[in-house]
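Structure file upload_2.cif (mmCIF, C-alpha atoms) follows.
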data_input
#
loop_
_atom_site.label_atom_id
_atom_site.label_comp_id
_atom_site.auth_asym_id
_atom_site.auth_seq_id
_atom_site.Cartn_x
_atom_site.Cartn_y
_atom_site.Cartn_z
CA MET A 1 36.75 -4.43 75.11
CA ILE A 2 34.00 -3.39 72.70
CA LEU A 3 33.97 -0.20 70.62
CA TYR A 4 30.78 1.30 69.17
CA ASN A 5 30.72 4.42 66.98
CA PHE A 6 27.25 5.96 67.08
CA GLN A 7 27.87 8.32 64.18
CA THR A 8 29.94 7.86 61.05
CA PRO A 9 32.97 10.15 61.36
CA GLY A 10 33.04 13.09 58.99
CA GLU A 11 35.14 13.14 55.87
CA GLY A 12 38.83 13.37 56.68
CA MET A 13 38.32 12.23 60.27
CA TYR A 14 38.91 8.93 62.01
CA ILE A 15 38.63 7.57 65.53
CA LYS A 16 40.82 4.86 66.94
CA VAL A 17 41.17 3.33 70.39
CA THR A 18 44.59 2.25 71.59
CA GLY A 19 46.38 1.98 74.90
CA PRO A 20 47.98 2.57 77.20
CA CYS A 21 48.56 6.35 77.45
CA CYS A 22 51.82 7.88 78.44
CA TRP A 23 49.83 10.11 80.80
CA GLN A 24 48.94 8.68 84.19
CA PRO A 25 46.10 10.13 86.27
CA ALA A 26 47.31 12.03 89.32
CA PRO A 27 45.92 10.84 92.64
CA ALA A 28 43.28 13.12 94.12
CA PRO A 29 43.23 14.15 97.77
CA GLY A 30 40.19 11.99 98.38
CA GLY A 31 42.03 8.82 97.36
CA GLY A 32 40.45 8.48 93.90
CA LYS A 33 42.73 8.40 90.89
CA GLY A 34 42.56 11.42 88.63
CA ARG A 35 39.40 12.82 90.18
CA SER A 36 39.04 16.12 91.97
CA ALA A 37 36.34 16.73 94.50
CA GLY A 38 34.40 19.93 94.68
CA ARG A 39 35.28 20.97 91.14
CA SER A 40 32.81 21.39 88.27
CA HIS A 41 33.63 19.34 85.18
CA HIS A 42 30.61 20.35 83.11
CA ARG A 43 31.45 21.21 79.52
CA SER A 44 29.24 22.52 76.70
CA GLY A 45 29.95 23.03 73.03
CA THR A 46 29.74 21.29 69.68
CA VAL A 47 30.54 17.60 69.36
CA LEU A 48 33.39 17.15 66.92
CA GLY A 49 32.19 15.39 63.77
CA ASP A 50 28.85 14.57 65.47
CA SER A 51 30.58 11.39 66.64
CA VAL A 52 30.03 9.70 69.99
CA VAL A 53 32.08 6.60 70.83
CA VAL A 54 31.27 4.07 73.54
CA VAL A 55 34.02 1.84 74.94
CA LYS A 56 32.87 -0.88 77.34
CA ALA A 57 34.03 -4.22 78.77
CA GLY A 58 31.05 -6.44 79.39
CA SER A 59 28.26 -5.03 81.53
CA ARG A 60 30.42 -3.85 84.41
CA ARG A 61 31.26 -0.22 85.07
CA VAL A 62 35.02 0.25 84.66
CA ARG A 63 36.80 3.23 86.23
CA ASP A 64 40.12 4.23 87.84
CA LEU A 65 42.19 2.38 85.26
CA LEU A 66 45.90 2.16 86.00
CA HIS A 67 46.60 2.44 82.29
CA PRO A 68 44.12 4.94 80.79
CA VAL A 69 42.49 4.15 77.49
CA ARG A 70 43.65 6.25 74.54
CA LEU A 71 41.27 7.60 71.85
CA THR A 72 42.52 9.54 68.84
CA PHE A 73 40.23 11.88 66.88
CA ARG A 74 41.46 13.37 63.64
CA ARG A 75 40.24 16.85 62.75
CA ASP A 76 40.19 18.58 59.37
CA LYS A 77 39.38 22.19 60.39
CA GLU A 78 40.59 24.79 62.84
CA ILE A 79 39.05 24.58 66.29
CA GLU A 80 39.67 26.06 69.71
CA GLU A 81 39.20 24.89 73.29
CA ALA A 82 38.86 21.21 72.42
CA ALA A 83 38.09 18.98 75.39
CA CYS A 84 37.71 15.23 75.76
CA VAL A 85 34.46 14.44 77.54
CA PHE A 86 32.26 11.53 78.51
CA TRP A 87 28.52 11.36 79.12
CA GLN A 88 27.79 11.65 82.83
CA GLU A 89 24.27 10.60 83.75
CA THR A 90 22.51 12.38 86.57
CA TYR A 91 21.20 10.63 89.66
CA LEU A 92 17.62 11.26 88.53
CA ASP A 93 15.53 8.65 86.79
CA ASP A 94 14.79 10.81 83.74
CA ARG A 95 17.87 9.48 81.84
CA THR A 96 19.36 12.96 81.55
CA GLY A 97 23.00 13.92 81.89
CA TYR A 98 25.78 16.22 80.75
CA TRP A 99 29.20 16.17 79.15
CA SER A 100 31.97 15.94 81.76
CA THR A 101 35.77 16.16 81.54
CA GLU A 102 36.40 14.32 84.81
CA GLY A 103 39.10 11.68 84.52
CA CYS A 104 40.02 12.65 80.94
CA HIS A 105 43.13 14.37 79.66
CA THR A 106 43.25 16.23 76.31
CA ASN A 107 46.25 16.63 74.03
CA VAL A 108 45.69 18.70 70.86
CA THR A 109 48.09 18.51 67.92
CA GLN A 110 47.90 20.02 64.44
CA ALA A 111 46.04 17.07 62.97
CA GLU A 112 44.70 15.06 65.92
CA ILE A 113 43.05 15.26 69.30
CA VAL A 114 44.26 12.57 71.70
CA CYS A 115 42.06 11.64 74.65
CA CYS A 116 43.32 9.65 77.63
CA CYS A 117 40.62 8.61 80.09
CA ASP A 118 40.84 6.47 83.21
CA HIS A 119 37.43 4.86 82.73
CA LEU A 120 35.17 3.37 80.06
CA SER A 121 32.07 5.22 78.93
CA PHE A 122 30.52 7.21 76.06
CA PHE A 123 33.26 9.49 74.74
CA ALA A 124 33.33 12.51 72.43
CA VAL A 125 35.30 15.68 71.82
CA VAL A 126 33.55 18.99 72.52
CA VAL A 127 34.94 21.96 70.61
CA ASN A 128 34.23 25.59 69.78
CA PRO A 129 34.71 25.90 65.99
CA VAL A 130 36.70 28.89 64.82
CA LEU A 131 35.25 30.86 61.93
CA SER A 132 38.43 31.58 59.99
CA VAL A 133 38.74 33.60 56.82
CA GLU A 134 40.20 31.66 53.94
CA LYS A 135 43.29 32.99 52.22
CA ALA A 136 41.24 33.54 49.06
CA SER A 137 38.72 35.68 50.96
CA ALA A 138 41.18 37.77 52.99
CA PRO A 139 42.46 39.85 50.02
CA ALA A 140 38.88 40.43 48.85
CA LEU A 141 37.81 41.68 52.29
CA ARG A 142 40.89 43.86 52.51
CA TYR A 143 40.15 45.35 49.08
CA ILE A 144 36.51 46.02 50.05
CA SER A 145 37.59 47.69 53.29
CA PHE A 146 40.19 49.94 51.66
CA THR A 147 38.00 50.85 48.68
CA GLY A 148 34.93 51.49 50.83
CA SER A 149 36.89 53.59 53.32
CA ALA A 150 38.48 55.64 50.53
CA LEU A 151 35.06 56.32 49.01
CA SER A 152 33.68 57.17 52.46
CA VAL A 153 36.48 59.71 52.99
CA LEU A 154 35.62 61.39 49.70
CA PHE A 155 31.85 61.44 50.25
CA THR A 156 32.05 62.51 53.89
CA ILE A 157 34.07 65.54 52.76
CA LEU A 158 31.29 66.36 50.27
CA ALA A 159 28.68 65.81 52.99
CA LEU A 160 30.59 68.18 55.30
CA ILE A 161 30.52 70.86 52.61
CA ILE A 162 26.76 70.39 52.09
CA TYR A 163 25.98 70.48 55.82
CA ALA A 164 28.23 73.53 56.29
CA ARG A 165 26.38 75.41 53.54
CA ILE A 166 22.99 74.46 54.99
CA GLN A 167 24.15 75.52 58.46
CA GLN A 168 25.49 78.80 57.11
CA ARG A 169 22.27 79.55 55.24
CA ARG A 170 19.95 78.52 58.07
CA PRO A 171 21.53 77.63 61.45
CA ASP A 172 19.95 74.48 62.85
CA LYS A 173 20.88 72.17 65.72
CA THR A 174 19.92 69.03 63.82
CA VAL A 175 22.23 69.91 60.92
CA CYS A 176 24.94 70.72 63.46
CA VAL A 177 24.60 67.23 64.95
CA HIS A 178 24.85 65.75 61.44
CA LEU A 179 27.94 67.88 60.90
CA HIS A 180 29.70 66.49 63.98
CA LEU A 181 28.76 62.89 63.12
CA THR A 182 30.11 63.31 59.60
CA GLY A 183 33.33 64.78 60.97
CA ALA A 184 33.80 61.85 63.35
CA LEU A 185 33.13 59.40 60.53
CA LEU A 186 35.68 61.17 58.32
CA CYS A 187 38.30 60.86 61.08
CA LEU A 188 37.43 57.17 61.51
CA HIS A 189 37.87 56.16 57.86
CA LEU A 190 40.89 58.39 57.35
CA SER A 191 42.67 57.05 60.44
CA PHE A 192 41.87 53.47 59.37
CA LEU A 193 43.47 54.01 55.96
CA LEU A 194 46.51 55.73 57.45
CA SER A 195 46.93 53.04 60.13
CA SER A 196 46.73 50.25 57.57
CA CYS A 197 49.15 51.91 55.17
CA TRP A 198 51.71 53.18 57.68
CA VAL A 199 52.22 49.75 59.24
CA LEU A 200 53.38 48.49 55.84
CA VAL A 201 56.27 50.94 55.94
CA LEU A 202 57.53 49.70 59.30
CA ASP A 203 59.53 46.57 59.89
CA VAL A 204 57.87 43.60 61.51
CA ALA A 205 59.23 44.26 64.99
CA ASP A 206 59.34 48.07 64.89
CA GLU A 207 56.92 50.44 66.57
CA ASP A 208 57.30 54.21 66.30
CA TRP A 209 55.43 57.14 67.78
CA ILE A 210 53.56 57.72 64.51
CA CYS A 211 52.00 54.25 64.65
CA LYS A 212 51.03 54.82 68.27
CA GLY A 213 49.54 58.19 67.36
CA LEU A 214 47.52 56.66 64.52
CA GLY A 215 46.28 53.96 66.88
CA LEU A 216 45.19 56.68 69.31
CA LEU A 217 43.40 58.57 66.51
CA LEU A 218 41.66 55.42 65.27
CA HIS A 219 40.53 54.45 68.77
CA CYS A 220 39.33 57.96 69.63
CA SER A 221 37.47 58.50 66.33
CA LEU A 222 35.77 55.11 66.59
CA MET A 223 34.41 55.91 70.05
CA ALA A 224 33.44 59.44 68.94
CA THR A 225 31.54 58.02 65.95
CA PHE A 226 29.50 55.70 68.16
CA LEU A 227 28.76 58.47 70.67
CA TRP A 228 27.62 60.89 67.96
CA MET A 229 25.34 58.15 66.63
CA ALA A 230 23.89 57.93 70.13
CA VAL A 231 23.51 61.73 70.13
CA GLU A 232 21.57 61.44 66.85
CA GLY A 233 19.20 59.01 68.53
CA PHE A 234 18.85 61.24 71.60
CA HIS A 235 18.14 64.29 69.43
CA LEU A 236 15.54 62.33 67.51
CA TYR A 237 13.95 61.37 70.82
CA LEU A 238 13.64 65.03 71.81
CA LEU A 239 12.03 65.95 68.49
CA LEU A 240 9.60 63.03 68.30
CA VAL A 241 8.69 62.35 71.94
CA ARG A 242 9.31 65.51 73.93
CA VAL A 243 8.36 67.84 71.02
CA PHE A 244 7.65 70.77 73.38
CA ASN A 245 9.93 72.35 75.97
CA ILE A 246 13.03 70.81 74.44
CA TYR A 247 15.20 73.89 74.80
CA ILE A 248 18.45 73.07 76.63
CA LYS A 249 20.88 75.83 77.49
CA ARG A 250 24.15 75.45 75.58
CA TYR A 251 22.81 72.27 74.03
CA MET A 252 25.51 71.70 71.41
CA LEU A 253 28.31 72.52 73.86
CA LYS A 254 27.10 69.86 76.28
CA LEU A 255 26.69 67.30 73.51
CA SER A 256 30.18 68.04 72.21
CA LEU A 257 31.70 67.67 75.68
CA VAL A 258 30.16 64.19 75.92
CA ALA A 259 30.67 62.93 72.36
CA TRP A 260 34.16 64.40 71.88
CA GLY A 261 35.32 64.69 75.49
CA LEU A 262 34.80 61.11 76.66
CA PRO A 263 36.73 59.52 73.74
CA THR A 264 39.54 62.03 74.19
CA LEU A 265 39.76 61.38 77.92
CA THR A 266 39.73 57.61 77.35
CA ALA A 267 42.46 57.87 74.71
CA VAL A 268 44.65 59.98 77.01
CA LEU A 269 44.30 57.40 79.77
CA CYS A 270 45.24 54.63 77.34
CA VAL A 271 48.32 56.60 76.27
CA SER A 272 49.46 56.81 79.88
CA PHE A 273 49.41 53.00 80.02
CA ASN A 274 51.17 52.63 76.64
CA VAL A 275 48.19 50.83 75.10
CA TYR A 276 48.64 51.76 71.44
CA GLY A 277 50.98 50.17 68.93
CA LYS A 278 50.98 47.36 66.40
CA HIS A 279 47.99 45.03 66.50
CA THR A 280 48.56 41.63 64.88
CA ILE A 281 45.69 39.65 63.36
CA GLN A 282 46.23 35.96 62.69
CA LEU A 283 44.96 34.57 59.38
CA LYS A 284 44.64 30.79 59.28
CA GLY A 285 44.67 28.92 55.99
CA ASP A 286 43.45 25.46 55.07
CA ASP A 287 47.04 24.17 54.88
CA ASN A 288 47.63 25.02 58.57
CA HIS A 289 50.08 27.77 57.57
CA ASN A 290 49.38 30.98 59.45
CA SER A 291 49.89 34.49 58.14
CA THR A 292 49.52 37.83 59.88
CA VAL A 293 48.02 41.23 59.12
CA GLN A 294 49.07 44.23 61.17
CA LEU A 295 47.35 47.51 62.01
CA CYS A 296 48.19 50.53 64.13
CA TRP A 297 45.61 50.01 66.84
CA ILE A 298 45.66 48.61 70.38
CA SER A 299 49.00 46.85 70.76
CA SER A 300 48.88 43.06 70.87
CA GLN A 301 51.68 43.22 73.45
CA PHE A 302 49.46 45.02 75.94
CA PRO A 303 48.20 42.47 78.52
CA GLN A 304 44.58 43.72 78.56
CA ASP A 305 44.25 44.39 74.82
CA LEU A 306 41.28 42.04 74.44
CA LEU A 307 39.38 43.72 77.27
CA ILE A 308 39.83 47.19 75.77
CA SER A 309 38.93 45.92 72.30
CA TYR A 310 35.75 44.24 73.56
CA ILE A 311 34.64 47.37 75.39
CA THR A 312 35.33 49.55 72.34
CA THR A 313 34.14 47.28 69.53
CA ALA A 314 31.46 45.21 71.29
CA ALA A 315 29.97 46.74 74.45
CA LEU A 316 29.75 50.37 73.29
CA PRO A 317 28.36 49.57 69.79
CA PHE A 318 25.84 47.16 71.32
CA LEU A 319 24.43 49.80 73.67
CA VAL A 320 24.34 52.46 70.94
CA VAL A 321 22.69 50.18 68.37
CA LEU A 322 20.15 48.98 70.93
CA PHE A 323 19.19 52.55 71.88
CA ASN A 324 18.99 53.73 68.27
CA PHE A 325 16.99 50.67 67.26
CA CYS A 326 14.39 51.68 69.84
CA MET A 327 14.38 55.15 68.28
CA VAL A 328 13.77 53.68 64.81
CA CYS A 329 10.86 51.65 66.18
CA LEU A 330 9.50 54.87 67.64
CA VAL A 331 9.85 56.54 64.24
CA VAL A 332 7.88 53.73 62.61
CA PHE A 333 5.14 54.16 65.22
CA LYS A 334 5.01 57.92 64.60
CA MET A 335 4.93 57.44 60.82
CA CYS A 336 1.97 55.08 61.10
CA GLY A 337 0.17 57.64 63.26
CA LEU A 338 0.89 60.45 60.79
CA ARG A 339 -0.32 58.31 57.90
CA LYS A 340 -3.63 57.60 59.64
CA ARG A 341 -4.17 61.28 60.36
CA THR A 342 -3.46 62.29 56.76
CA ARG A 343 -6.09 59.80 55.67
CA GLY A 344 -8.63 61.34 57.99
CA GLY A 345 -8.98 58.19 60.05
CA GLY A 346 -9.99 56.07 57.09
CA SER A 347 -10.36 52.30 57.28
CA SER A 348 -7.54 49.84 56.86
CA SER A 349 -8.83 48.76 53.44
CA GLY A 350 -6.42 51.26 51.88
CA TRP A 351 -3.51 48.99 52.81
CA LYS A 352 -5.08 46.12 50.87
CA LYS A 353 -5.95 48.17 47.83
CA MET A 354 -2.85 50.12 46.98
CA ASN A 355 -2.74 52.48 44.01
CA ASP A 356 0.24 54.27 42.55
CA ASP A 357 0.10 56.98 45.17
CA ASN A 358 0.19 54.41 47.98
CA TRP A 359 3.25 52.73 46.48
CA ALA A 360 4.98 56.11 46.11
CA ARG A 361 4.31 56.92 49.76
CA LEU A 362 5.53 53.49 50.81
CA TRP A 363 8.71 53.99 48.79
CA ARG A 364 9.33 57.40 50.38
CA ASP A 365 8.70 56.03 53.88
CA GLY A 366 11.01 53.07 53.27
CA SER A 367 13.76 55.31 51.90
CA THR A 368 13.44 57.62 54.89
CA LEU A 369 13.71 54.72 57.34
CA LEU A 370 16.66 53.25 55.47
CA GLY A 371 18.53 56.55 55.48
CA LEU A 372 17.72 57.17 59.11
CA SER A 373 18.97 53.67 60.02
CA CYS A 374 22.31 54.39 58.35
CA VAL A 375 22.62 57.74 60.15
CA LEU A 376 21.89 56.05 63.48
CA GLY A 377 24.50 53.34 62.79
CA LEU A 378 22.19 50.32 62.78
CA PRO A 379 24.39 48.46 60.22
CA TRP A 380 26.96 48.11 63.01
CA GLY A 381 24.51 45.74 64.66
CA LEU A 382 25.38 43.21 61.95
CA SER A 383 28.67 42.55 63.73
CA GLY A 384 27.03 39.54 65.36
CA LEU A 385 26.80 37.90 61.92
CA THR A 386 30.60 37.91 61.63
CA TYR A 387 30.71 35.08 64.20
CA VAL A 388 28.20 32.99 62.24
CA SER A 389 29.20 32.84 58.59
CA LEU A 390 31.56 34.25 56.01
CA LEU A 391 28.60 35.92 54.29
CA GLY A 392 28.00 37.89 57.49
CA ILE A 393 31.60 39.13 57.40
CA TYR A 394 31.18 40.33 53.80
CA LEU A 395 27.84 42.01 54.59
CA PHE A 396 29.22 43.79 57.65
CA THR A 397 32.35 44.93 55.78
CA VAL A 398 30.47 46.30 52.78
CA LEU A 399 27.77 48.19 54.68
CA ASN A 400 30.03 49.81 57.29
CA SER A 401 32.87 50.69 54.94
CA LEU A 402 30.34 52.55 52.76
CA GLN A 403 28.65 54.42 55.62
CA GLY A 404 30.17 57.70 54.42
CA ILE A 405 28.29 57.32 51.13
CA PHE A 406 25.02 56.76 53.02
CA ILE A 407 25.65 59.93 55.06
CA PHE A 408 26.24 61.83 51.81
CA LEU A 409 22.97 60.54 50.31
CA TRP A 410 21.14 61.62 53.48
CA SER A 411 22.60 65.12 53.15
CA LEU A 412 21.41 65.24 49.53
CA ALA A 413 17.94 64.16 50.65
CA LEU A 414 17.79 66.98 53.18
CA THR A 415 18.98 69.47 50.55
CA CYS A 416 16.39 68.34 48.01
CA LYS A 417 13.68 68.48 50.67
CA SER A 418 14.64 72.02 51.60
CA ARG A 419 14.54 73.15 47.96
CA ALA A 420 11.22 71.43 47.38
CA GLU A 421 9.68 73.28 50.31
CA LYS A 422 10.80 76.58 48.84
CA ASN A 423 9.60 75.93 45.30
CA SER A 424 6.20 74.46 45.99
CA SER A 425 3.75 73.81 48.79
CA LEU A 426 3.68 70.02 48.96
CA ARG A 427 1.38 67.85 50.98
CA ASN A 428 2.73 66.70 54.31
CA THR A 429 2.80 62.95 54.04
CA SER A 430 4.27 60.90 56.88
CA SER A 431 7.75 60.66 55.34
CA GLN A 432 7.77 64.39 54.47
CA LYS A 433 6.86 65.26 58.05
CA LEU A 434 9.63 63.01 59.31
CA MET A 435 12.12 64.65 56.96
CA THR A 436 10.92 68.02 58.21
CA ILE A 437 11.51 66.92 61.79
CA SER A 438 14.98 65.65 60.83
CA SER A 439 15.94 68.95 59.15
CA ASN A 440 14.25 71.41 61.53
CA ASN A 441 14.14 71.17 65.28
#
Is it possible to express this structure as structure tokens?
Amino acid sequence: MILYNFQTPGEGMYIKVTGPCCWQPAPAPGGGKGRSAGRSHHRSGTVLGDSVVVVKAGSRRVRDLLHPVRLTFRRDKEIEEAACVFWQETYLDDRTGYWSTEGCHTNVTQAEIVCCCDHLSFFAVVVNPVLSVEKASAPALRYISFTGSALSVLFTILALIIYARIQQRRPDKTVCVHLHLTGALLCLHLSFLLSSCWVLVLDVADEDWICKGLGLLLHCSLMATFLWMAVEGFHLYLLLVRVFNIYIKRYMLKLSLVAWGLPTLTAVLCVSFNVYGKHTIQLKGDDNHNSTVQLCWISSQFPQDLLISYITTAALPFLVVLFNFCMVCLVVFKMCGLRKRTRGGGSSSGWKKMNDDNWARLWRDGSTLLGLSCVLGLPWGLSGLTYVSLLGIYLFTVLNSLQGIFIFLWSLALTCKSRAEKNSSLRNTSSQKLMTISSNN
């Protein structure tokens, strides 16, 4: 028997071939040993350690071994769904193929992955790496989340006061939409802080009605926040695209029934199925010792907790962010059109030769787009980065925990714009027109 290793195993990893295995392949109905007909054995993923091993005996093809060959792969990081595979060539002459698990059995331990295969071929282990937060990073992320949420609670209260004064002085549907979004965001950050703190008071195995109520409030406010972000995008669509004939009878009542009613109805249905309770998050350290963090949220004991979590924290945010991203692109298109009209249809040489006034306009336009992106919840689209790198987790945590501060800065911008319009007659640049559209319907 000859063993070839096509890649040098990574640091802290070794591969060895021994035999026989304690596992014996079960006979298949068709008479073959350990092979099932009519079943797909294709497997995709990342090759562990970039190592491919070939085990062969002469030039003959060896299969259906009575004593399967045993290969041991050592791993030095946390993985999930590891599978022992071999390279199965297709029947075409283009030398293509795929990784297959047919005839191989996988046994995963804390330090090793043991493969037992009833044939000789090119072998590897295909895995899905788990992006785990190190123990040193977990306290930092927790501190950022709590501090950012506490600041967001404070600044959303200030933003509510500002929007209420603007609405009292000059009733406006746009400000009313901002008011509802800020209220939903305040409930979200406040319920997150209360859920995280209350679970510390309880024992490990205890669940009381207060924790379930906080989980309901957190779930409902999260969905309401996303829906009010979608309402912001829809309202912006009416102001920028429809422009005329945008009057809708009982407009705010209908929006409130959708943005507040749907989350409430969903939460009530979840209560009837006893969905809420303690949610346990596993933290995995480098020393293979696991620790847990708990939160009053969707109970980990509920059988379909992952399905509800994915719908709430993945599907709904994805649709909202996608819709609002289209609205931001529309805003950019409108701003470019307004800029051309303010220039009287001048040539594009002004973009190449920027003076101080051009840079000031560019700064105002960029600030307007940045603020509008925060109001529309585009930073939530960074959730995809949390599956890629630890930096993505930090970026997502910082931006979304501080969203209340961004809402407060947007309210200040609207207030300053309103005062500037009263004190002086300013030119209507593209960003000023957009701010006017955002503060007046």
* Name all residues at most 10 Å from A:Trp209 (count only C-alpha atoms; drop same-chain ones fewer than 3 positions away) and give them as a count of residues only. => 6
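What separates atom CA of A:Ala164 from atom CA of A:Glu232 is a distance of 17.4 Å.
Candidate residues A:Leu362, A:Cys374, A:Leu338, A:Leu217 were compared for distance to A:Cys187, and the nearest is A:Leu217, using only C-alpha atoms.
Between atom CA of A:Ala124 and atom CA of A:Thr386 the separation is 27.7 Å.
For the pair atom CA of A:Lys254 and atom CA of A:Gly183, the separation is 17.3 Å.
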* **Residue with smallest distance to A:Cys326 - pool A:Trp410, A:Trp359, A:Tyr237, A:Tyr387, counting only C-alpha atoms** => A:Tyr237
* Asked: From the list A:Leu402, A:Ala57, A:Leu414, A:Val388, which residue is nearest A:Ala150 when using all atoms listed in the file?
  -> A:Leu402
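Remark: for A:Gly392, the closest of the candidate residues A:Leu141, A:Cys84, A:Val54, A:Met252 is A:Leu141 (distances computed over only C-alpha atoms).
Minimum atom-to-atom distances from A:Val320, A:Val268, A:Leu370, A:Val114 to A:Phe226 were compared using all atoms listed in the file, and the lowest value belongs to A:Val320.
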